[in-house]
$ cat model14.pdb   # PDB, C-alpha atoms, pLDDT in the B column
ATOM      1  CA  MET A   1      -3.044  -6.400   0.276  1.00 76.00           C
ATOM      2  CA  ALA A   2       0.523  -6.586   1.551  1.00 84.00           C
ATOM      3  CA  VAL A   3       3.067  -8.146  -0.785  1.00 86.00           C
ATOM      4  CA  ASP A   4       5.842  -8.045   1.823  1.00 89.00           C
ATOM      5  CA  ASP A   5       7.017  -5.803   4.685  1.00 90.00           C
ATOM      6  CA  SER A   6       7.557  -2.761   2.451  1.00 92.00           C
ATOM      7  CA  ILE A   7       5.078  -3.131  -0.462  1.00 92.00           C
ATOM      8  CA  GLN A   8       1.299  -2.707  -0.326  1.00 92.00           C
ATOM      9  CA  LEU A   9      -1.144  -3.097  -3.225  1.00 93.00           C
ATOM     10  CA  ILE A  10      -3.978  -0.562  -3.100  1.00 93.00           C
ATOM     11  CA  GLN A  11      -7.100  -0.340  -5.272  1.00 92.00           C
ATOM     12  CA  ASN A  12      -8.832   3.008  -5.829  1.00 90.00           C
ATOM     13  CA  TYR A  13     -12.519   3.773  -6.421  1.00 90.00           C
ATOM     14  CA  PHE A  14     -12.063   3.293 -10.162  1.00 93.00           C
ATOM     15  CA  ARG A  15     -10.766  -0.275  -9.610  1.00 93.00           C
ATOM     16  CA  LYS A  16      -7.221   0.668 -10.623  1.00 95.00           C
ATOM     17  CA  TRP A  17      -4.391  -0.937  -8.663  1.00 95.00           C
ATOM     18  CA  TYR A  18      -1.278   0.785  -7.336  1.00 95.00           C
ATOM     19  CA  ARG A  19       1.913  -0.642  -5.871  1.00 95.00           C
ATOM     20  CA  VAL A  20       2.960   1.477  -2.883  1.00 95.00           C
ATOM     21  CA  ARG A  21       6.487   0.987  -1.588  1.00 95.00           C
ATOM     22  CA  LEU A  22       7.310   2.292   1.867  1.00 95.00           C
ATOM     23  CA  PHE A  23      10.498   4.268   2.409  1.00 94.00           C
ATOM     24  CA  ALA A  24      11.438   1.846   5.198  1.00 93.00           C
ATOM     25  CA  PRO A  25      10.005  -1.647   5.830  1.00 93.00           C
ATOM     26  CA  SER A  26       7.465  -2.288   8.577  1.00 91.00           C
ATOM     27  CA  ARG A  27       7.297  -5.689  10.183  1.00 92.00           C
ATOM     28  CA  TYR A  28       3.624  -4.990  10.975  1.00 90.00           C
ATOM     29  CA  LEU A  29       2.512  -4.380   7.370  1.00 90.00           C
ATOM     30  CA  PRO A  30       1.866  -8.019   6.337  1.00 88.00           C
ATOM     31  CA  HIS A  31      -0.262  -8.600   9.459  1.00 89.00           C
ATOM     32  CA  ALA A  32      -1.998  -5.227   9.823  1.00 88.00           C
ATOM     33  CA  ALA A  33      -5.735  -5.410  10.518  1.00 89.00           C
ATOM     34  CA  GLY A  34      -6.234  -1.835   9.324  1.00 91.00           C
ATOM     35  CA  LEU A  35      -4.295   0.921   7.600  1.00 92.00           C
ATOM     36  CA  GLY A  36      -4.539   4.695   7.649  1.00 94.00           C
ATOM     37  CA  PHE A  37      -3.455   7.026   4.880  1.00 94.00           C
ATOM     38  CA  VAL A  38      -1.897  10.469   5.101  1.00 95.00           C
ATOM     39  CA  THR A  39      -2.343  12.179   1.748  1.00 91.00           C
ATOM     40  CA  GLY A  40      -0.144  14.825   0.173  1.00 78.00           C
ATOM     41  CA  PRO A  41      -0.989  18.517  -0.127  1.00 80.00           C
ATOM     42  CA  GLY A  42      -3.259  17.917  -3.140  1.00 82.00           C
ATOM     43  CA  GLY A  43      -5.292  15.252  -1.344  1.00 86.00           C
ATOM     44  CA  THR A  44      -3.769  12.416  -3.364  1.00 88.00           C
ATOM     45  CA  LEU A  45      -1.731   9.500  -2.146  1.00 89.00           C
ATOM     46  CA  ASP A  46       1.759  10.128  -3.486  1.00 90.00           C
ATOM     47  CA  ARG A  47       5.390  10.279  -2.327  1.00 89.00           C
ATOM     48  CA  THR A  48       4.618  13.122   0.079  1.00 91.00           C
ATOM     49  CA  GLY A  49       2.126  10.944   1.983  1.00 93.00           C
ATOM     50  CA  ALA A  50       2.405   8.094   4.455  1.00 95.00           C
ATOM     51  CA  ILE A  51       0.711   4.887   5.522  1.00 94.00           C
ATOM     52  CA  VAL A  52      -0.261   4.634   9.194  1.00 95.00           C
ATOM     53  CA  ILE A  53       0.179   1.241  10.830  1.00 92.00           C
ATOM     54  CA  ARG A  54      -0.445   0.843  14.565  1.00 92.00           C
ATOM     55  CA  ARG A  55      -0.464   4.637  15.027  1.00 92.00           C
ATOM     56  CA  GLN A  56       2.974   5.038  13.448  1.00 94.00           C
ATOM     57  CA  LYS A  57       3.500   6.838  10.144  1.00 95.00           C
ATOM     58  CA  TYR A  58       5.609   5.152   7.474  1.00 95.00           C
ATOM     59  CA  PRO A  59       6.577   7.537   4.632  1.00 96.00           C
ATOM     60  CA  ILE A  60       5.844   6.420   1.087  1.00 95.00           C
ATOM     61  CA  GLY A  61       8.872   5.874  -1.149  1.00 95.00           C
ATOM     62  CA  SER A  62       6.992   5.365  -4.437  1.00 95.00           C
ATOM     63  CA  VAL A  63       3.553   4.837  -5.954  1.00 94.00           C
ATOM     64  CA  ILE A  64       3.413   2.947  -9.266  1.00 95.00           C
ATOM     65  CA  ALA A  65       0.413   1.795 -11.313  1.00 95.00           C
ATOM     66  CA  SER A  66       0.079  -1.997 -11.153  1.00 93.00           C
ATOM     67  CA  GLU A  67      -1.985  -4.827 -12.601  1.00 90.00           C
ATOM     68  CA  GLY A  68      -3.065  -5.854  -9.122  1.00 84.00           C
ATOM     69  CA  PRO A  69      -2.638  -9.125  -7.282  1.00 85.00           C
ATOM     70  CA  LYS A  70      -2.152 -12.337  -9.183  1.00 81.00           C
ATOM     71  CA  ARG A  71      -5.394 -14.258  -9.528  1.00 78.00           C
ATOM     72  CA  GLN A  72      -5.462 -17.811  -8.298  1.00 73.00           C
ATOM     73  CA  ARG A  73      -7.009 -20.472 -10.497  1.00 72.00           C
ATOM     74  CA  ARG A  74      -9.667 -22.617  -8.903  1.00 71.00           C
TER      75      ARG A  74
END

$ encode --input "model14.pdb" --output "structure tokens"
Amino acid sequence: MAVDDSIQLIQNYFRKWYRVRLFAPSRYLPHAAGLGFVTGPGGTLDRTGAIVIRRQKYPIGSVIASEGPKRQRR
């Protein structure tokens, strides 16, 4: 779930949320139909990795644990 053109919220298999900030903004991030992930040497998504949008790699600037997206009341 894209927050804006440089921040993506990602949920892992354990239902924990992470706020991933790209090193540089991508105008395609808020409208991307699919994302790819390039993991670091240890196989984890960290600052050494990247997010792939439309076949272009965008380096990750930071990965921070988050509470996830705000829930909307019905």

$ resolve_selection --input "model14.pdb" --expression "the PyMOL selection byres ((chain A and resi 63) around 9)" --output "PyMOL selection string"
chain A and resi 18-21+45-47+60-62+64-65

$ atom_distance --input "model14.pdb" --atom1 "CA of Lys57 in chain A" --atom2 "CA of Phe37 in chain A"
8.7 Å

$ atom_distance --input "model14.pdb" --atom1 "CA of Met1 in chain A" --atom2 "CA of Pro41 in chain A"
25.0 Å

$ resolve_selection --input "model14.pdb" --expression "the PyMOL selection byres ((chain A and resi 5) around 9)" --output "list in words"
Ala2, Val3, Asp4, Ser6, Ile7, Gln8, Leu22, Ala24, Pro25, Ser26, Arg27, Tyr28, Leu29 and Pro30 of chain A

$ closest_residue --input "model14.pdb" --among "A:Pro59, A:Arg54, A:Gln72, A:Phe14" --to "Val38 in chain A" --atoms "all atoms listed in the file"
A:Pro59

$ atom_distance --input "model14.pdb" --atom1 "CA of Leu9 in chain A" --atom2 "CA of Arg74 in chain A"
22.0 Å

$ closest_residue --input "model14.pdb" --among "A:Arg55, A:Asn12, A:Thr48, A:Gly68" --to "Gly36 in chain A" --atoms "all atoms listed in the file"
A:Arg55

$ resolve_selection --input "model14.pdb" --expression "the PyMOL selection byres ((chain A and resi 33-35) around 6)" --output "ChimeraX atom specification"
/A:32,36,52-53

$ closest_residue --input "model14.pdb" --among "A:Pro69, A:Tyr58, A:His31, A:Phe23" --to "Ile10 in chain A" --atoms "all atoms listed in the file"
A:Pro69

$ build_atoms --input "model14.pdb" --residues "range 32-53 of chain A" --atoms "N, CA, C and O atoms" --output "mmCIF file, keeping the file's coordinate frame"
data_model
loop_
_atom_site.group_PDB
_atom_site.id
_atom_site.type_symbol
_atom_site.label_atom_id
_atom_site.label_comp_id
_atom_site.auth_asym_id
_atom_site.auth_seq_id
_atom_site.Cartn_x
_atom_site.Cartn_y
_atom_site.Cartn_z
ATOM 1 N N ALA A 32 -1.184 -6.344 9.354
ATOM 2 C CA ALA A 32 -1.998 -5.227 9.823
ATOM 3 C C ALA A 32 -3.487 -5.496 9.596
ATOM 4 O O ALA A 32 -3.896 -5.920 8.518
ATOM 5 N N ALA A 33 -4.284 -5.245 10.625
ATOM 6 C CA ALA A 33 -5.735 -5.410 10.518
ATOM 7 C C ALA A 33 -6.370 -4.201 9.849
ATOM 8 O O ALA A 33 -7.435 -4.296 9.248
ATOM 9 N N GLY A 34 -5.720 -3.049 9.930
ATOM 10 C CA GLY A 34 -6.234 -1.835 9.324
ATOM 11 C C GLY A 34 -5.100 -0.878 9.018
ATOM 12 O O GLY A 34 -4.066 -0.900 9.678
ATOM 13 N N LEU A 35 -5.297 -0.055 8.000
ATOM 14 C CA LEU A 35 -4.295 0.921 7.600
ATOM 15 C C LEU A 35 -4.922 2.301 7.554
ATOM 16 O O LEU A 35 -6.104 2.446 7.250
ATOM 17 N N GLY A 36 -4.119 3.311 7.823
ATOM 18 C CA GLY A 36 -4.539 4.695 7.649
ATOM 19 C C GLY A 36 -3.691 5.312 6.555
ATOM 20 O O GLY A 36 -2.595 4.828 6.253
ATOM 21 N N PHE A 37 -4.190 6.372 5.956
ATOM 22 C CA PHE A 37 -3.455 7.026 4.880
ATOM 23 C C PHE A 37 -3.348 8.504 5.156
ATOM 24 O O PHE A 37 -4.333 9.158 5.491
ATOM 25 N N VAL A 38 -2.140 9.036 5.011
ATOM 26 C CA VAL A 38 -1.897 10.469 5.101
ATOM 27 C C VAL A 38 -1.608 10.921 3.680
ATOM 28 O O VAL A 38 -0.619 10.506 3.082
ATOM 29 N N THR A 39 -2.488 11.750 3.139
ATOM 30 C CA THR A 39 -2.343 12.179 1.748
ATOM 31 C C THR A 39 -1.443 13.404 1.654
ATOM 32 O O THR A 39 -1.184 14.087 2.639
ATOM 33 N N GLY A 40 -0.985 13.668 0.435
ATOM 34 C CA GLY A 40 -0.144 14.825 0.173
ATOM 35 C C GLY A 40 -0.963 16.097 0.161
ATOM 36 O O GLY A 40 -2.176 16.094 0.402
ATOM 37 N N PRO A 41 -0.312 17.214 -0.143
ATOM 38 C CA PRO A 41 -0.989 18.517 -0.127
ATOM 39 C C PRO A 41 -2.189 18.603 -1.077
ATOM 40 O O PRO A 41 -3.148 19.294 -0.796
ATOM 41 N N GLY A 42 -2.156 17.877 -2.179
ATOM 42 C CA GLY A 42 -3.259 17.917 -3.140
ATOM 43 C C GLY A 42 -4.381 16.950 -2.820
ATOM 44 O O GLY A 42 -5.342 16.842 -3.563
ATOM 45 N N GLY A 43 -4.266 16.213 -1.713
ATOM 46 C CA GLY A 43 -5.292 15.252 -1.344
ATOM 47 C C GLY A 43 -5.128 13.899 -2.006
ATOM 48 O O GLY A 43 -5.988 13.040 -1.895
ATOM 49 N N THR A 44 -4.028 13.696 -2.706
ATOM 50 C CA THR A 44 -3.769 12.416 -3.364
ATOM 51 C C THR A 44 -2.700 11.647 -2.604
ATOM 52 O O THR A 44 -1.877 12.224 -1.904
ATOM 53 N N LEU A 45 -2.734 10.351 -2.777
ATOM 54 C CA LEU A 45 -1.731 9.500 -2.146
ATOM 55 C C LEU A 45 -0.524 9.434 -3.071
ATOM 56 O O LEU A 45 -0.575 8.831 -4.136
ATOM 57 N N ASP A 46 0.553 10.106 -2.672
ATOM 58 C CA ASP A 46 1.759 10.128 -3.486
ATOM 59 C C ASP A 46 2.982 10.066 -2.574
ATOM 60 O O ASP A 46 2.857 9.724 -1.400
ATOM 61 N N ARG A 47 4.145 10.388 -3.098
ATOM 62 C CA ARG A 47 5.390 10.279 -2.327
ATOM 63 C C ARG A 47 5.456 11.214 -1.127
ATOM 64 O O ARG A 47 6.286 11.030 -0.252
ATOM 65 N N THR A 48 4.612 12.214 -1.072
ATOM 66 C CA THR A 48 4.618 13.122 0.079
ATOM 67 C C THR A 48 3.744 12.599 1.213
ATOM 68 O O THR A 48 3.715 13.179 2.287
ATOM 69 N N GLY A 49 3.031 11.497 0.983
ATOM 70 C CA GLY A 49 2.126 10.944 1.983
ATOM 71 C C GLY A 49 2.768 9.852 2.815
ATOM 72 O O GLY A 49 3.988 9.623 2.772
ATOM 73 N N ALA A 50 1.929 9.170 3.585
ATOM 74 C CA ALA A 50 2.405 8.094 4.455
ATOM 75 C C ALA A 50 1.281 7.098 4.687
ATOM 76 O O ALA A 50 0.103 7.409 4.496
ATOM 77 N N ILE A 51 1.662 5.898 5.089
ATOM 78 C CA ILE A 51 0.711 4.887 5.522
ATOM 79 C C ILE A 51 0.857 4.761 7.030
ATOM 80 O O ILE A 51 1.975 4.712 7.553
ATOM 81 N N VAL A 52 -0.273 4.731 7.738
ATOM 82 C CA VAL A 52 -0.261 4.634 9.194
ATOM 83 C C VAL A 52 -0.585 3.200 9.597
ATOM 84 O O VAL A 52 -1.624 2.656 9.222
ATOM 85 N N ILE A 53 0.341 2.605 10.339
ATOM 86 C CA ILE A 53 0.179 1.241 10.830
ATOM 87 C C ILE A 53 0.434 1.266 12.327
ATOM 88 O O ILE A 53 1.505 1.706 12.764
#
